[in-house]
file final.txt (compact mmCIF, C-alpha atoms)
# COMPACT_ATOMS: atom_id res chain seq x y z
CA MET A 1 12.38 10.85 -0.48
CA ASP A 2 11.76 7.87 -2.77
CA TYR A 3 8.31 6.60 -3.69
CA GLN A 4 8.42 3.50 -1.46
CA GLN A 5 9.44 5.52 1.59
CA LEU A 6 6.63 8.00 0.91
CA GLN A 7 4.10 5.17 0.69
CA ARG A 8 5.43 3.68 3.92
CA ASP A 9 5.10 6.99 5.76
CA LEU A 10 1.58 7.45 4.44
CA LEU A 11 0.61 3.96 5.57
CA LEU A 12 1.96 4.53 9.06
CA ASP A 13 -0.03 7.77 9.28
CA ARG A 14 -3.15 5.87 8.21
CA TRP A 15 -2.33 3.14 10.75
CA ARG A 16 -2.51 5.64 13.60
CA ASP A 17 -6.02 6.58 12.41
CA LEU A 18 -7.07 2.97 11.87
CA ARG A 19 -6.19 2.07 15.44
CA GLN A 20 -8.82 4.61 16.45
CA LEU A 21 -11.40 2.89 14.21
CA GLY A 22 -10.53 4.94 11.14
CA GLN A 23 -11.95 8.07 9.60
CA PRO A 24 -15.08 7.18 7.59
CA ARG A 25 -16.09 9.38 4.70
CA SER A 26 -19.48 10.00 6.31
CA ALA A 27 -21.03 9.77 9.77
CA CYS A 28 -21.35 6.28 11.27
CA GLY A 29 -23.93 5.00 13.72
CA PRO A 30 -23.39 4.84 17.50
CA THR A 31 -21.46 1.54 17.42
CA ASN A 32 -20.41 1.44 13.74
CA ARG A 33 -22.02 -2.00 13.40
CA ILE A 34 -24.81 -3.49 11.32
CA SER A 35 -26.85 -3.61 14.54
CA ASP A 36 -27.09 0.20 14.48
CA VAL A 37 -30.07 -0.62 12.25
CA ALA A 38 -32.73 -1.11 14.91
CA GLY A 39 -33.69 -4.72 15.55
CA VAL A 40 -30.82 -6.35 13.64
CA ARG A 41 -28.84 -8.85 15.72
CA VAL A 42 -25.79 -11.04 15.07
CA GLY A 43 -24.73 -14.28 16.74
CA HIS A 44 -21.77 -16.64 16.42
CA ASP A 45 -20.79 -20.17 17.30
CA THR A 46 -17.08 -20.89 16.92
CA LEU A 47 -14.99 -24.07 16.67
CA ASN A 48 -11.34 -23.63 17.69
CA GLU A 49 -10.06 -27.19 17.98
CA GLY A 50 -6.66 -27.85 16.41
CA GLU A 51 -7.18 -28.43 12.69
CA THR A 52 -10.86 -27.55 13.01
CA GLN A 53 -11.10 -23.76 12.73
CA THR A 54 -14.57 -22.81 11.59
CA GLY A 55 -17.98 -21.68 12.79
CA VAL A 56 -21.39 -20.20 12.08
CA THR A 57 -22.59 -16.60 12.04
CA ALA A 58 -26.27 -15.65 12.10
CA ILE A 59 -27.72 -12.31 10.99
CA VAL A 60 -31.18 -12.00 12.49
CA PRO A 61 -33.49 -9.24 11.21
CA PRO A 62 -36.30 -7.89 13.40
CA GLY A 63 -39.57 -9.80 13.49
CA ASP A 64 -40.69 -13.00 15.18
CA ASN A 65 -41.76 -14.79 12.01
CA LEU A 66 -40.14 -13.72 8.74
CA PHE A 67 -41.97 -16.49 6.89
CA LEU A 68 -45.31 -14.79 7.56
CA THR A 69 -43.96 -11.23 7.38
CA PRO A 70 -41.04 -11.30 4.94
CA LEU A 71 -38.78 -8.32 4.39
CA PRO A 72 -37.87 -6.63 1.09
CA CYS A 73 -34.53 -7.94 -0.14
CA GLY A 74 -32.20 -7.52 -3.11
CA VAL A 75 -29.18 -9.54 -4.23
CA GLU A 76 -26.18 -8.72 -6.39
CA VAL A 77 -23.83 -11.49 -7.53
CA LEU A 78 -20.57 -9.74 -8.38
CA ASN A 79 -18.85 -13.05 -9.18
CA GLY A 80 -20.65 -16.36 -9.00
CA PHE A 81 -17.94 -18.85 -7.99
CA ALA A 82 -20.05 -19.82 -4.96
CA LYS A 83 -22.43 -22.39 -3.48
CA PRO A 84 -25.13 -20.39 -1.70
CA VAL A 85 -28.76 -21.40 -1.29
CA GLY A 86 -31.79 -19.13 -1.46
CA LEU A 87 -30.61 -16.47 -3.90
CA ILE A 88 -32.74 -17.58 -6.86
CA GLN A 89 -36.07 -17.09 -5.11
CA ILE A 90 -34.95 -13.76 -3.61
CA GLU A 91 -34.03 -12.60 -7.09
CA GLU A 92 -37.44 -13.68 -8.35
CA LEU A 93 -39.70 -12.51 -5.49
CA GLY A 94 -37.58 -9.89 -3.74
CA VAL A 95 -38.25 -10.99 -0.14
CA LEU A 96 -36.28 -12.46 2.76
CA GLN A 97 -38.11 -15.26 4.61
CA THR A 98 -35.53 -16.40 7.18
CA PRO A 99 -32.54 -15.17 9.14
CA ILE A 100 -29.24 -15.39 7.24
CA LEU A 101 -26.62 -17.99 8.12
CA LEU A 102 -22.95 -17.87 7.10
CA SER A 103 -20.33 -20.61 7.33
CA ASN A 104 -17.92 -22.65 5.22
CA THR A 105 -18.72 -24.08 1.80
CA LEU A 106 -19.44 -27.67 2.85
CA ALA A 107 -21.77 -26.60 5.66
CA VAL A 108 -24.47 -25.15 3.39
CA GLY A 109 -26.74 -28.21 3.51
CA THR A 110 -26.60 -28.43 7.29
CA LEU A 111 -27.45 -24.75 7.70
CA PHE A 112 -30.30 -25.04 5.20
CA THR A 113 -31.82 -27.80 7.33
CA ALA A 114 -31.31 -25.76 10.51
CA LEU A 115 -33.23 -22.82 9.05
CA VAL A 116 -36.00 -25.13 7.81
CA ARG A 117 -36.40 -26.62 11.29
CA ASP A 118 -36.47 -23.12 12.79
CA ALA A 119 -39.20 -22.07 10.34
CA ILE A 120 -41.23 -25.24 10.99
CA ARG A 121 -41.05 -24.59 14.74
CA ARG A 122 -42.62 -21.17 14.15
CA ASN A 123 -45.02 -22.42 11.44
CA PRO A 124 -46.15 -26.02 12.13
CA GLU A 125 -48.08 -26.27 8.84
CA LEU A 126 -45.10 -25.22 6.70
CA GLY A 127 -44.88 -27.42 3.61
CA ARG A 128 -48.31 -28.92 4.38
CA THR A 129 -51.13 -26.41 4.24
CA LEU A 130 -48.56 -23.60 3.95
CA PRO A 131 -45.92 -23.18 1.22
CA THR A 132 -42.32 -24.22 1.76
CA VAL A 133 -39.73 -21.76 3.04
CA ASN A 134 -36.72 -20.21 1.28
CA PRO A 135 -33.73 -20.28 3.67
CA LEU A 136 -30.78 -18.01 2.90
CA VAL A 137 -27.36 -19.54 3.49
CA LEU A 138 -24.09 -18.10 2.17
CA GLU A 139 -20.57 -19.45 2.38
CA CYS A 140 -16.85 -18.92 1.89
CA ASN A 141 -14.17 -21.59 1.57
CA ASP A 142 -12.13 -21.74 4.80
CA GLY A 143 -10.19 -24.85 3.71
CA TRP A 144 -6.73 -23.28 4.13
CA LEU A 145 -7.06 -22.94 7.91
CA ASN A 146 -9.88 -25.42 8.54
CA ASP A 147 -10.13 -29.14 7.78
CA ILE A 148 -13.26 -28.59 5.72
CA GLN A 149 -13.65 -32.33 5.04
CA ALA A 150 -14.34 -32.88 8.72
CA LEU A 151 -17.86 -31.50 8.15
CA ALA A 152 -17.72 -30.16 11.68
CA ILE A 153 -20.61 -27.69 11.44
CA SER A 154 -23.79 -29.00 13.10
CA GLU A 155 -27.41 -27.90 13.30
CA ALA A 156 -26.85 -27.32 17.01
CA MET A 157 -24.16 -24.76 16.17
CA ALA A 158 -26.52 -22.98 13.81
CA GLN A 159 -29.23 -22.88 16.46
CA ALA A 160 -26.75 -21.57 19.01
CA ALA A 161 -25.76 -18.73 16.68
CA LEU A 162 -29.42 -17.86 16.11
CA GLN A 163 -30.37 -18.03 19.79
CA THR A 164 -27.42 -15.98 21.05
CA ALA A 165 -27.73 -13.22 18.45
CA SER A 166 -27.54 -9.73 19.94
CA ALA A 167 -26.79 -6.14 19.00
CA ASP A 168 -23.42 -6.40 20.76
CA PHE A 169 -21.37 -9.02 18.95
CA ALA A 170 -17.75 -10.01 18.37
CA ARG A 171 -15.82 -9.46 15.14
CA GLY A 172 -12.73 -10.92 13.54
CA SER A 173 -11.79 -14.58 13.97
CA VAL A 174 -15.17 -15.68 15.28
CA GLY A 175 -18.15 -17.63 13.99
CA ALA A 176 -18.05 -18.13 10.24
CA GLY A 177 -14.94 -15.94 10.17
CA ARG A 178 -12.83 -18.27 12.29
CA GLY A 179 -11.05 -19.98 9.37
CA MET A 180 -11.17 -17.20 6.77
CA SER A 181 -8.20 -15.52 5.08
CA CYS A 182 -8.10 -12.05 3.53
CA PHE A 183 -5.22 -10.65 1.45
CA SER A 184 -2.99 -13.49 2.78
CA LEU A 185 -3.74 -12.25 6.31
CA LYS A 186 -6.34 -13.36 8.84
CA GLY A 187 -9.80 -12.34 7.68
CA GLY A 188 -13.25 -12.98 9.10
CA ILE A 189 -16.20 -10.95 10.36
CA GLY A 190 -16.22 -7.18 10.04
CA THR A 191 -18.92 -4.55 10.27
CA ALA A 192 -19.69 -0.84 9.82
CA SER A 193 -22.65 1.50 9.64
CA ARG A 194 -23.53 4.86 8.11
CA LEU A 195 -26.18 7.46 8.89
CA ILE A 196 -28.25 8.84 6.00
CA PRO A 197 -29.79 12.07 7.38
CA SER A 198 -31.56 12.98 4.15
CA LEU A 199 -33.60 9.78 4.38
CA ASN A 200 -33.71 9.64 8.19
CA ALA A 201 -32.16 6.21 7.81
CA THR A 202 -29.23 4.02 8.79
CA LEU A 203 -27.31 1.55 6.64
CA GLY A 204 -25.43 -1.30 8.31
CA VAL A 205 -22.97 -3.72 6.72
CA LEU A 206 -21.51 -7.04 7.84
CA VAL A 207 -18.87 -8.88 5.82
CA LEU A 208 -17.41 -12.36 5.80
CA ALA A 209 -14.00 -11.50 4.33
CA ASN A 210 -12.05 -14.32 2.66
CA PHE A 211 -10.61 -12.79 -0.53
CA GLY A 212 -7.83 -10.70 -2.02
CA ALA A 213 -4.25 -10.91 -3.30
CA LEU A 214 -1.84 -9.30 -0.83
CA GLU A 215 0.08 -7.33 -3.46
CA ALA A 216 -3.14 -5.48 -4.31
CA LEU A 217 -4.17 -4.56 -0.74
CA THR A 218 -4.90 -0.85 -0.56
CA ILE A 219 -5.63 0.91 2.74
CA ASP A 220 -7.13 4.38 2.47
CA GLY A 221 -5.52 4.84 -0.93
CA VAL A 222 -2.09 3.58 0.13
CA ARG A 223 -0.73 0.45 -1.56
CA ALA A 224 -0.02 -1.33 1.69
CA GLY A 225 0.27 -4.83 0.28
CA GLU A 226 3.51 -4.12 -1.54
CA MET A 227 5.13 -3.17 1.79
CA ILE A 228 3.70 -6.16 3.65
CA VAL A 229 4.76 -8.84 1.13
CA PRO A 230 8.43 -8.91 2.29
CA LEU A 231 7.27 -9.49 5.87
CA LEU A 232 5.38 -12.67 4.97
CA THR A 233 8.15 -14.76 3.46
CA GLY A 234 7.31 -18.42 3.92
CA ASN A 235 3.57 -17.82 4.17
CA ALA A 236 1.41 -19.22 1.38
CA PRO A 237 0.16 -16.44 -0.91
CA GLN A 238 -3.56 -15.96 -1.49
CA LEU A 239 -5.20 -15.35 -4.83
CA ASP A 240 -8.18 -13.01 -5.19
CA ALA A 241 -10.30 -16.05 -4.47
CA GLY A 242 -12.11 -17.75 -1.62
CA SER A 243 -15.07 -15.34 -1.56
CA VAL A 244 -16.56 -12.41 0.30
CA ILE A 245 -20.13 -12.14 1.54
CA ILE A 246 -21.59 -8.70 2.20
CA ILE A 247 -24.84 -8.35 4.15
CA MET A 248 -26.48 -4.91 4.20
CA ALA A 249 -29.42 -3.84 6.36
CA THR A 250 -31.30 -0.56 6.31
CA ASP A 251 -34.36 0.91 7.97
CA ALA A 252 -35.13 2.92 4.83
CA PRO A 253 -38.39 1.53 3.33
CA LEU A 254 -36.82 0.50 0.01
CA ASP A 255 -38.24 -2.01 -2.42
CA ALA A 256 -36.35 -5.02 -3.78
CA ARG A 257 -35.21 -3.23 -6.92
CA GLN A 258 -33.72 -0.36 -4.94
CA LEU A 259 -32.10 -2.75 -2.48
CA LYS A 260 -30.43 -4.54 -5.37
CA ARG A 261 -28.99 -1.20 -6.48
CA ILE A 262 -27.64 -0.62 -2.97
CA ALA A 263 -26.15 -4.13 -2.84
CA LYS A 264 -24.37 -3.60 -6.15
CA ARG A 265 -22.35 -0.71 -4.67
CA ALA A 266 -20.54 -3.16 -2.39
CA GLY A 267 -18.35 -3.76 -5.42
CA ALA A 268 -17.05 -0.20 -5.28
CA GLY A 269 -15.97 -0.71 -1.67
CA LEU A 270 -14.17 -3.95 -2.54
CA GLY A 271 -12.42 -2.23 -5.43
CA ARG A 272 -11.03 0.48 -3.16
CA LEU A 273 -9.33 -2.27 -1.16
CA GLY A 274 -7.68 -3.73 -4.26
CA SER A 275 -10.06 -6.58 -5.11
CA TYR A 276 -10.93 -7.29 -8.72
CA TRP A 277 -13.36 -10.17 -8.00
CA GLY A 278 -10.98 -12.90 -9.12
CA HIS A 279 -11.94 -16.02 -11.02
CA GLY A 280 -12.26 -18.25 -7.96
CA SER A 281 -14.02 -15.80 -5.68
CA GLY A 282 -17.73 -15.87 -4.85
CA ASP A 283 -18.48 -12.20 -4.27
CA ILE A 284 -22.11 -11.76 -3.23
CA ALA A 285 -23.98 -8.85 -1.65
CA VAL A 286 -27.42 -9.09 -0.05
CA ALA A 287 -29.36 -6.01 1.09
CA PHE A 288 -32.60 -6.07 3.07
CA SER A 289 -34.89 -3.47 4.59
CA THR A 290 -36.29 -3.86 8.08
CA GLN A 291 -39.55 -2.24 6.90
CA PRO A 292 -41.98 -4.97 5.69
CA LEU A 293 -44.07 -2.57 3.58
CA PRO A 294 -41.93 -0.73 1.03
CA GLN A 295 -42.53 2.97 0.51
CA PRO A 296 -39.81 3.49 -2.07
CA PRO A 297 -38.40 7.01 -2.23
CA GLN A 298 -37.51 8.64 -5.53
CA ASP A 299 -34.44 6.98 -6.99
CA ASP A 300 -32.46 10.22 -7.14
CA THR A 301 -32.71 10.48 -3.34
CA LEU A 302 -30.75 7.24 -3.00
CA GLU A 303 -27.44 8.93 -3.85
CA PRO A 304 -26.18 9.08 -0.23
CA LEU A 305 -27.19 5.44 0.32
CA LEU A 306 -25.22 4.39 -2.75
CA ALA A 307 -22.14 6.20 -1.47
CA ALA A 308 -22.62 4.81 2.04
CA ALA A 309 -22.87 1.24 0.75
CA ALA A 310 -19.44 1.51 -0.87
CA ASP A 311 -17.91 3.33 2.11
CA ALA A 312 -19.30 0.96 4.75
CA THR A 313 -18.26 -2.14 2.78
CA GLU A 314 -14.70 -0.87 2.56
CA GLN A 315 -14.58 -0.11 6.28
CA ALA A 316 -16.25 -3.40 7.24
CA VAL A 317 -13.48 -5.35 5.49
CA LEU A 318 -10.84 -3.25 7.25
CA ASP A 319 -12.69 -3.92 10.50
CA ALA A 320 -12.46 -7.66 9.84
CA LEU A 321 -8.72 -7.40 9.18
CA LEU A 322 -8.06 -5.21 12.21
CA SER A 323 -10.28 -7.24 14.57
CA ALA A 324 -8.98 -10.67 13.58
CA GLU A 325 -6.46 -12.55 15.66
CA ALA A 326 -3.83 -14.77 14.07
CA VAL A 327 -4.89 -18.40 13.57
CA THR A 328 -2.93 -21.61 12.99
CA GLY A 329 -5.02 -24.55 11.85
CA PHE A 330 -5.21 -27.30 9.23
CA ARG A 331 -1.82 -28.92 8.51
CA GLY A 332 -0.13 -26.14 10.45
CA HIS A 333 -1.24 -23.45 8.02
CA HIS A 334 -1.02 -19.98 9.53
CA ARG A 335 -2.46 -16.54 8.84
CA PRO A 336 -1.07 -13.57 10.80
CA SER A 337 -3.20 -10.61 11.73
CA LEU A 338 -2.93 -7.25 10.00
CA THR A 339 -2.40 -5.67 13.42
CA GLN A 340 0.73 -7.79 13.98
CA ILE A 341 2.11 -6.83 10.58
CA LEU A 342 1.48 -3.12 10.94
CA ASP A 343 3.04 -3.16 14.41
CA ARG A 344 6.14 -4.71 12.84
CA LEU A 345 6.25 -1.92 10.27
CA THR A 346 6.22 0.69 13.05
CA SER A 347 8.87 -1.00 15.18
call {"tool": "encode", "arguments": {"input": "final.txt", "output": "structure tokens"}}
result
Amino acid sequence: MDYQQLQRDLLLDRWRDLRQLGQPRSACGPTNRISDVAGVRVGHDTLNEGETQTGVTAIVPPGDNLFLTPLPCGVEVLNGFAKPVGLIQIEELGVLQTPILLSNTLAVGTLFTALVRDAIRRNPELGRTLPTVNPLVLECNDGWLNDIQALAISEAMAQAALQTASADFARGSVGAGRGMSCFSLKGGIGTASRLIPSLNATLGVLVLANFGALEALTIDGVRAGEMIVPLLTGNAPQLDAGSVIIIMATDAPLDARQLKRIAKRAGAGLGRLGSYWGHGSGDIAVAFSTQPLPQPPQDDTLEPLLAAAADATEQAVLDALLSAEAVTGFRGHHRPSLTQILDRLTS
């Protein structure tokens, strides 16, 4: 048997496992979502209107007023080709003061204003007798499938995503993920979780996947992209660009420094998939704890959390690829789903 046939057979074996949600390296939470971390909720608002294929995703931590009771938070910028808002103050102070909003690159200002209005509603003296707030907004460029110049994202969409957030949420081509591409396929929202028995903790991950060159795509150690390339003739290739946002939540009472260490391990998960954080990709990981008062464990006890962060990031991206439906949008541009492609390989 030649090498390519062996790789194909291995991929098809993996595909059978993936259709059953995969075989994680360690135990996952009850739903294998970021919301397995108690109190964390996710909401979407999606635009699917011809050449407008975009949306908003909200990650809402527990707590009625994060401005008054902020949560420990750490940030790792793997590659900084990005236009987020809020990272500088988190890096300086190590706390999260608002929910997190995700959308396309040109929507950042609108989402910033939406989070400010939400904080003012909860804190009427904000910016007067109280300090100003530090909203956290992150983005990826969905301009291949979405007419990004239309500036279609509104504050009302952001509020809808915040207000409809729940533990049970959709993945794939929804919310901020609607117009995203990943490894020349349809990307979007994916999620995973891992249990950390030694710390009596859970780690949850949500990704906005919009990165990767198809030739490099690796699924469970199998170089799948090389086999998929011939099936996508006529489709525009994708560079390892466009960005990926990784949001991690844990109920372990970590401090900001430890959370930054956890966030950094997202890079290992991306690497397993074949990403090298290309020049034009904004690859950013944010990790927060749901425990307002840190009680940091000894650093050497974090080993299973470090491993889980890499593992859950890898699976969350695969979840985005496997959950996404094909989308045709701006100027007729099209991205097929990974599920369609793998079904063609098995036929």
call {"tool": "residues_around", "arguments": {"input": "final.txt", "residues": "Thr328 of chain A", "least_positions_apart": "2", "cutoff": "9 Å", "atoms": "all atoms listed in the file", "output": "ChimeraX atom specification"}}
result
/A:50-51,53,145,326,330-336
call {"tool": "write_last_selection", "arguments": {"input": "final.txt", "atoms": "C-alpha atoms", "output": "CSV table (one decimal), in the frame of the given file"}}
result
chain,number,residue,atom,x,y,z
A,50,GLY,CA,-6.7,-27.8,16.4
A,51,GLU,CA,-7.2,-28.4,12.7
A,53,GLN,CA,-11.1,-23.8,12.7
A,145,LEU,CA,-7.1,-22.9,7.9
A,326,ALA,CA,-3.8,-14.8,14.1
A,330,PHE,CA,-5.2,-27.3,9.2
A,331,ARG,CA,-1.8,-28.9,8.5
A,332,GLY,CA,-0.1,-26.1,10.4
A,333,HIS,CA,-1.2,-23.4,8.0
A,334,HIS,CA,-1.0,-20.0,9.5
A,335,ARG,CA,-2.5,-16.5,8.8
A,336,PRO,CA,-1.1,-13.6,10.8
call {"tool": "closest_residue", "arguments": {"input": "final.txt", "among": "A:Leu318, A:Leu102, A:Leu270, A:Ala287", "to": "Val75 of chain A", "atoms": "only C-alpha atoms"}}
result
A:Ala287
call {"tool": "closest_atom_pairs", "arguments": {"input": "final.txt", "of": "segment 296-318 of chain A", "to": "segment 20-44 of chain A", "cutoff": "8 Å", "atoms": "only C-alpha atoms", "output": "CSV"}}
result
residue,atom,partner,partner_atom,distance
A:Ala308,CA,A:Ser26,CA,7.4
A:Asp311,CA,A:Arg25,CA,6.8
A:Gln315,CA,A:Pro24,CA,7.4
call {"tool": "closest_residue", "arguments": {"input": "final.txt", "among": "A:Ala316, A:Ala307, A:Ile153, A:Leu231", "to": "Thr46 of chain A", "atoms": "only C-alpha atoms"}}
result
A:Ile153
call {"tool": "residues_around", "arguments": {"input": "final.txt", "residues": "Pro72 of chain A", "least_positions_apart": "3", "cutoff": "6 Å", "atoms": "all atoms listed in the file", "output": "PyMOL selection string"}}
result
chain A and resi 94-95+255-256+288-289
call {"tool": "residues_around", "arguments": {"input": "final.txt", "residues": "Asp319 of chain A", "least_positions_apart": "5", "cutoff": "8 Å", "atoms": "only C-alpha atoms", "output": "count of residues only"}}
result
7
call {"tool": "decode", "arguments": {"input": "final.txt", "residues": "segment 187-196 of chain A", "atoms": "all heavy atoms", "output": "short mmCIF file (atom, residue, chain, number, x, y, z; two decimals), in the first residue's frame"}}
result
data_model
loop_
_atom_site.label_atom_id
_atom_site.label_comp_id
_atom_site.auth_asym_id
_atom_site.auth_seq_id
_atom_site.Cartn_x
_atom_site.Cartn_y
_atom_site.Cartn_z
N GLY A 187 -15.66 27.72 8.24
CA GLY A 187 -15.28 27.75 9.65
C GLY A 187 -16.41 28.30 10.50
O GLY A 187 -17.58 28.22 10.14
N GLY A 188 -16.03 28.89 11.65
CA GLY A 188 -17.05 29.49 12.51
C GLY A 188 -16.85 29.19 13.97
O GLY A 188 -15.71 29.15 14.46
N ILE A 189 -17.94 28.96 14.67
CA ILE A 189 -17.94 28.77 16.12
C ILE A 189 -17.79 27.29 16.46
O ILE A 189 -18.52 26.44 15.95
CB ILE A 189 -19.25 29.30 16.74
CG1 ILE A 189 -19.40 30.81 16.49
CG2 ILE A 189 -19.30 28.99 18.24
CD1 ILE A 189 -18.40 31.68 17.20
N GLY A 190 -16.84 26.99 17.33
CA GLY A 190 -16.67 25.64 17.84
C GLY A 190 -16.39 25.69 19.33
O GLY A 190 -15.98 26.72 19.87
N THR A 191 -16.58 24.57 20.00
CA THR A 191 -16.41 24.57 21.45
C THR A 191 -16.02 23.18 21.94
O THR A 191 -16.21 22.17 21.24
CB THR A 191 -17.70 25.05 22.14
OG1 THR A 191 -17.46 25.26 23.52
CG2 THR A 191 -18.83 24.04 21.96
N ALA A 192 -15.46 23.12 23.14
CA ALA A 192 -15.08 21.87 23.79
C ALA A 192 -14.86 22.15 25.27
O ALA A 192 -14.73 23.31 25.69
CB ALA A 192 -13.81 21.29 23.16
N SER A 193 -14.82 21.10 26.06
CA SER A 193 -14.51 21.25 27.48
C SER A 193 -13.72 20.05 27.97
O SER A 193 -13.73 18.98 27.35
CB SER A 193 -15.80 21.40 28.32
OG SER A 193 -16.51 20.17 28.36
N ARG A 194 -13.01 20.24 29.08
CA ARG A 194 -12.23 19.17 29.69
C ARG A 194 -12.39 19.24 31.21
O ARG A 194 -12.43 20.32 31.80
CB ARG A 194 -10.75 19.30 29.33
CG ARG A 194 -10.44 19.11 27.86
CD ARG A 194 -10.72 17.68 27.42
NE ARG A 194 -10.44 17.48 26.01
CZ ARG A 194 -11.33 17.63 25.04
NH1 ARG A 194 -12.57 18.02 25.33
NH2 ARG A 194 -11.00 17.38 23.78
N LEU A 195 -12.46 18.06 31.83
CA LEU A 195 -12.51 17.95 33.28
C LEU A 195 -11.09 17.81 33.83
O LEU A 195 -10.26 17.10 33.24
CB LEU A 195 -13.35 16.75 33.70
CG LEU A 195 -14.80 16.74 33.20
CD1 LEU A 195 -15.49 15.45 33.65
CD2 LEU A 195 -15.55 17.96 33.70
N ILE A 196 -10.83 18.49 34.94
CA ILE A 196 -9.51 18.46 35.58
C ILE A 196 -9.71 17.92 37.00
O ILE A 196 -9.83 18.69 37.97
CB ILE A 196 -8.85 19.86 35.62
CG1 ILE A 196 -9.04 20.59 34.28
CG2 ILE A 196 -7.38 19.74 35.99
CD1 ILE A 196 -8.37 19.95 33.11
#
